[in-house]
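Source file: target.cif. Holds: mmCIF, C-alpha atoms.
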```
data_start
loop_
_atom_site.label_atom_id
_atom_site.label_comp_id
_atom_site.auth_asym_id
_atom_site.auth_seq_id
_atom_site.Cartn_x
_atom_site.Cartn_y
_atom_site.Cartn_z
CA PHE U 8 26.06 -13.33 5.82
CA ARG U 9 27.28 -16.85 5.15
CA TRP U 10 30.67 -17.27 6.79
CA ARG U 11 31.30 -20.69 5.28
CA GLU U 12 30.50 -19.56 1.77
CA GLU U 13 32.63 -16.44 2.11
CA GLY U 14 35.59 -18.39 3.41
CA VAL U 15 35.84 -16.31 6.56
CA GLY U 16 36.14 -19.38 8.75
CA ASP U 17 33.86 -21.74 10.60
CA THR U 18 36.19 -23.33 13.10
CA ASN U 19 34.85 -22.28 16.50
CA GLU U 20 36.31 -25.53 17.78
CA ALA U 21 36.65 -25.73 21.54
CA VAL U 22 40.08 -26.30 23.06
CA PRO U 23 39.80 -29.87 24.42
CA SER U 24 40.61 -31.17 27.88
CA SER U 25 41.30 -34.65 29.18
CA LEU U 26 37.74 -34.76 30.53
CA GLN U 27 36.33 -34.45 27.03
CA ARG U 28 38.08 -37.66 26.02
CA LYS U 29 36.88 -39.48 29.12
CA GLU U 30 33.23 -38.48 29.13
CA GLN U 31 30.78 -38.32 26.25
CA GLY U 32 27.26 -37.02 25.94
CA GLY U 33 25.32 -35.67 28.89
CA PRO U 34 21.83 -34.35 29.42
CA LYS U 35 20.56 -32.20 26.56
CA VAL U 36 17.77 -30.39 28.39
CA LYS U 37 18.64 -26.79 29.25
CA LEU U 38 19.04 -26.58 33.01
CA GLY U 39 19.56 -22.85 33.51
CA LEU U 40 22.13 -20.98 35.56
CA ASN U 41 20.60 -21.55 39.02
CA ARG U 42 20.32 -25.32 38.58
CA MET U 43 23.83 -25.66 37.16
CA SER U 44 25.38 -23.67 40.00
CA THR U 45 25.08 -26.72 42.26
CA HIS U 46 26.97 -29.04 39.91
CA SER U 47 30.55 -30.24 40.32
CA ALA U 48 33.29 -28.85 38.09
CA ASP U 49 33.58 -32.12 36.17
CA ARG U 50 29.85 -32.23 35.54
CA LEU U 51 29.88 -28.59 34.45
CA ARG U 52 32.67 -29.31 31.97
CA THR U 53 30.71 -32.25 30.59
CA ARG U 54 27.74 -29.92 30.33
CA TYR U 55 29.84 -27.36 28.49
CA TYR U 56 31.12 -29.86 25.92
CA SER U 57 27.74 -31.49 25.32
CA GLN U 58 25.87 -28.20 24.92
CA ASN U 59 28.58 -26.73 22.69
CA GLU U 60 28.49 -29.84 20.51
CA MET U 61 24.70 -29.73 20.31
CA GLY U 62 24.79 -26.02 19.46
CA GLU U 63 27.25 -26.62 16.63
CA LYS U 64 25.05 -29.39 15.25
CA ILE U 65 21.96 -27.16 15.27
CA TYR U 66 23.96 -24.25 13.85
CA GLY U 67 25.17 -26.49 11.03
CA GLU U 68 21.55 -27.22 10.18
CA GLY U 69 20.88 -23.50 9.76
CA LYS U 70 18.68 -23.26 12.87
CA TYR U 71 20.50 -20.27 14.30
CA ALA U 72 17.90 -19.05 16.81
CA GLU U 73 17.56 -22.58 18.21
CA ALA U 74 21.33 -22.91 18.62
CA ILE U 75 21.66 -19.82 20.83
CA PRO U 76 20.27 -21.42 24.05
CA CYS U 77 22.77 -24.27 23.71
CA PHE U 78 25.72 -21.91 23.37
CA ASN U 79 24.41 -19.77 26.25
CA ASP U 80 24.07 -22.88 28.41
CA ALA U 81 27.64 -23.90 27.59
CA LYS U 82 28.90 -20.43 28.43
CA PHE U 83 27.03 -20.40 31.75
CA ALA U 84 28.81 -23.64 32.68
CA LEU U 85 32.23 -22.05 32.06
CA LEU U 86 31.26 -18.89 33.94
CA ILE U 87 30.25 -20.94 36.97
CA ILE U 88 33.57 -22.82 36.89
CA ALA U 89 35.46 -19.52 36.63
CA GLY U 90 33.63 -18.23 39.71
CA ARG U 91 34.75 -21.14 41.86
CA PRO U 92 38.34 -20.58 43.12
CA GLU U 93 38.25 -23.96 44.84
CA ASN U 94 38.18 -25.67 41.46
CA ASP U 95 41.76 -24.59 40.81
CA ALA U 96 42.80 -25.90 44.21
CA ARG U 97 41.77 -29.43 43.28
CA LEU U 98 44.47 -29.44 40.60
CA GLU U 99 47.75 -30.34 42.28
CA ASP U 100 49.86 -28.66 39.60
CA PRO U 101 49.50 -24.82 39.60
CA ALA U 102 50.60 -24.76 35.96
CA GLU U 103 47.76 -27.13 35.08
CA ALA U 104 45.29 -24.90 36.93
CA MET U 105 46.52 -21.81 35.06
CA TYR U 106 46.31 -23.59 31.71
CA ALA U 107 42.76 -24.73 32.49
CA LYS U 108 41.81 -21.15 33.38
CA LEU U 109 43.27 -19.73 30.14
CA ARG U 110 41.70 -22.51 28.07
CA ASP U 111 38.29 -21.80 29.60
CA GLU U 112 38.62 -18.09 28.86
CA ILE U 113 39.41 -18.80 25.20
CA ASN U 114 36.49 -21.24 24.96
CA SER U 115 34.17 -18.67 26.58
CA ALA U 116 35.24 -16.11 23.97
CA LEU U 117 34.58 -18.63 21.19
CA LEU U 118 31.08 -19.13 22.56
CA SER U 119 30.47 -15.37 22.55
CA GLU U 120 31.63 -15.33 18.95
CA ARG U 121 29.29 -18.16 18.02
CA ILE U 122 26.31 -16.53 19.74
CA THR U 123 27.01 -13.39 17.71
CA ASP U 124 27.26 -15.54 14.56
CA CYS U 125 23.76 -16.83 15.29
CA HIS U 126 22.33 -13.31 15.65
CA ILE U 127 24.01 -12.16 12.45
CA GLN U 128 23.02 -15.22 10.45
CA ASP U 129 19.45 -14.92 11.68
CA PHE U 130 19.48 -11.17 10.89
CA THR U 131 18.31 -10.34 14.42
CA SER U 132 21.12 -7.81 14.83
CA MET U 133 23.55 -6.00 12.55
CA SER U 134 25.22 -3.75 15.14
CA GLN U 135 28.88 -2.98 14.57
CA GLU U 136 29.43 -3.73 18.28
CA ASN U 137 28.41 -7.37 17.93
CA TYR U 138 31.91 -8.87 17.83
CA ARG U 139 33.50 -6.40 20.24
CA GLN U 140 33.05 -8.63 23.30
CA PRO U 141 34.72 -11.78 21.91
CA ALA U 142 37.49 -9.66 20.33
CA VAL U 143 38.26 -8.02 23.69
CA MET U 144 38.06 -11.36 25.51
CA VAL U 145 40.53 -13.04 23.17
CA THR U 146 42.87 -10.03 23.16
CA GLU U 147 43.02 -9.92 26.96
CA THR U 148 43.51 -13.68 27.24
CA LYS U 149 46.34 -13.51 24.68
CA LYS U 150 48.15 -11.10 26.99
CA LEU U 151 47.79 -13.55 29.88
CA ILE U 152 49.01 -16.45 27.74
CA LEU U 153 52.09 -14.50 26.60
CA LYS U 154 52.85 -13.53 30.20
CA GLN U 155 52.54 -17.14 31.32
CA MET U 156 54.77 -18.31 28.45
CA GLU U 157 57.42 -15.79 29.49
CA GLU U 158 57.30 -16.99 33.09
CA VAL U 159 57.56 -20.62 32.01
CA ALA U 160 60.48 -19.86 29.68
CA ASN U 161 62.35 -17.96 32.41
CA ALA U 162 61.83 -20.76 34.92
CA ALA U 163 62.79 -23.56 32.55
CA GLU U 164 66.27 -24.99 32.18
CA GLU U 165 68.32 -23.47 29.40
CA GLY U 166 67.29 -24.85 26.02
CA THR U 167 64.20 -26.68 27.31
CA ASN U 168 60.69 -25.38 27.84
CA GLY U 169 58.84 -28.64 28.32
CA GLN U 170 55.29 -29.65 27.61
CA GLU U 171 53.82 -26.75 29.56
CA PHE U 172 55.35 -24.23 27.16
CA GLU U 173 54.19 -26.23 24.13
CA ASP U 174 50.64 -26.38 25.47
CA LEU U 175 50.62 -22.62 25.98
CA LYS U 176 52.07 -22.12 22.52
CA GLU U 177 49.25 -24.17 21.02
CA LEU U 178 46.69 -22.18 23.04
CA LEU U 179 48.24 -18.94 21.75
CA HIS U 180 47.87 -20.21 18.18
CA THR U 181 44.18 -20.91 18.85
CA ALA U 182 43.77 -17.38 20.19
CA ASN U 183 45.53 -15.84 17.17
CA VAL U 184 43.37 -17.76 14.70
CA ALA U 185 40.19 -16.87 16.63
CA LEU U 186 41.08 -13.18 16.76
CA ALA U 187 41.82 -13.06 13.03
CA ARG U 188 38.48 -14.73 12.31
CA ILE U 189 36.60 -12.36 14.63
CA PHE U 190 38.22 -9.27 13.09
CA SER U 191 37.24 -10.51 9.64
CA LYS U 192 33.63 -11.04 10.68
CA GLN U 193 33.55 -7.68 12.43
CA GLY U 194 34.91 -6.06 9.27
CA SER U 195 32.18 -7.69 7.20
CA VAL U 196 29.51 -6.24 9.49
CA HIS U 197 31.02 -2.74 9.22
CA ALA U 198 31.22 -3.05 5.43
CA LYS U 199 27.56 -4.07 5.34
CA VAL U 200 26.56 -0.80 7.02
CA HIS U 201 28.98 1.21 4.82
CA ASN U 202 31.67 1.89 7.44
CA HIS U 203 34.28 1.03 4.85
CA LEU U 204 37.34 2.65 6.45
CA VAL U 205 36.72 0.84 9.75
CA ALA U 206 36.10 -2.36 7.81
CA LEU U 207 39.43 -2.01 5.99
CA ASP U 208 41.28 -1.56 9.30
CA LEU U 209 39.65 -4.69 10.69
CA PHE U 210 40.43 -6.72 7.58
CA ARG U 211 44.03 -5.49 7.82
CA ASN U 212 44.18 -6.60 11.45
CA SER U 213 42.78 -9.99 10.52
CA ILE U 214 45.78 -10.75 8.30
CA ALA U 215 48.44 -9.02 10.41
#
```
Once you've parsed the file, please lay out its structure as structure tokens.
Amino acid sequence: FRWREEGVGDTNEAVPSSLQRKEQGGPKVKLGLNRMSTHSADRLRTRYYSQNEMGEKIYGEGKYAEAIPCFNDAKFALLIIAGRPENDARLEDPAEAMYAKLRDEINSALLSERITDCHIQDFTSMSQENYRQPAVMVTETKKLILKQMEEVANAAEEGTNGQEFEDLKELLHTANVALARIFSKQGSVHAKVHNHLVALDLFRNSIA
């Protein structure tokens, strides 16, 4: 498959944070999960952005197998952050901590999608289950985003939702676009193995 050529979509663009604008680059050598587990949250986020960026560069060069370790490394960094409850405590604003958590979950799903892209593009796997994980991850995170938006709207003054609501709205848009793209890719895989009815349902979901 060639997602770019087929017009399915190529924008696995990470949802940015303020840290991304402050810090650039970072070590490019793969450290592994055990080594990264001792890093601070800020350093892990820098690691995530640098490895994701490097993976996208390699992916763009058509070196799909070589890009996978970069995306895995980036995902490990987010998983370590997610497993540290104290990292939310360092954010004074609970709303900011919740947004960071939801943003990380979306970005983790995008990495799972990209890793699957690499396997498909490199023809190392054509299983219909390939895109199930990122689809489920985005779907579940969408539910959390909608719940958080409802809570923010109920707590806000009448007629005003503030920046918090707008940030969540933008994150929801990112989730919707990602889910549509994933469904389309998943449908293409099913069509390739002649599961045409399932493929049609997925394509329908992608434009719903």
_For Gln140 of chain U, the nearest of the candidates U:Lys154, U:Arg121, U:Arg211, U:His203, counting all atoms listed in the file_ =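 Ranked by minimum distance to Gln140 of chain U, first place goes to U:Arg121.
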_Counting all atoms listed in the file, the residue of U:Asp208, U:Glu158, U:Glu63, U:Glu20 that sits nearest Ile113 of chain U_ =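 Checking each candidate against Ile113 of chain U, we get U:Glu20 as the closest.
Considering the residues U:Leu117, U:Val184, U:Leu153, U:Ile65 and counting all atoms listed in the file, Ser213 of chain U has its shortest atom-to-atom contact with U:Val184.
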_Between U:Ile75, U:Met105, U:Ala116, U:Ala48, which residue has the minimum interatomic distance to Val143 of chain U, considering all atoms listed in the file?_
U:Ala116
*Tell me, as a PyMOL selection string, which residues lie within 9 Å of Asn114 of chain U, counting all atoms listed in the file; anything in the same chain fewer than 4 positions away does not count.*
chain U and resi 19-22+82+85+109-110+118-119
*asked:* I want to know what sits within 12 Å of Leu178 of chain U, based on only C-alpha atoms, with residues of the same chain fewer than 4 positions away left out; could you give that as a PyMOL selection string?
replied: chain U and resi 21-24+106-114+145+148-153+155-156+171-174+182-185
_Å distance separating atom CA of Asp49 of chain U from atom CA of Ser115 of chain U, one decimal place_ =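 Value for the atom CA of Asp49 of chain U-atom CA of Ser115 of chain U distance: 16.5 Å.
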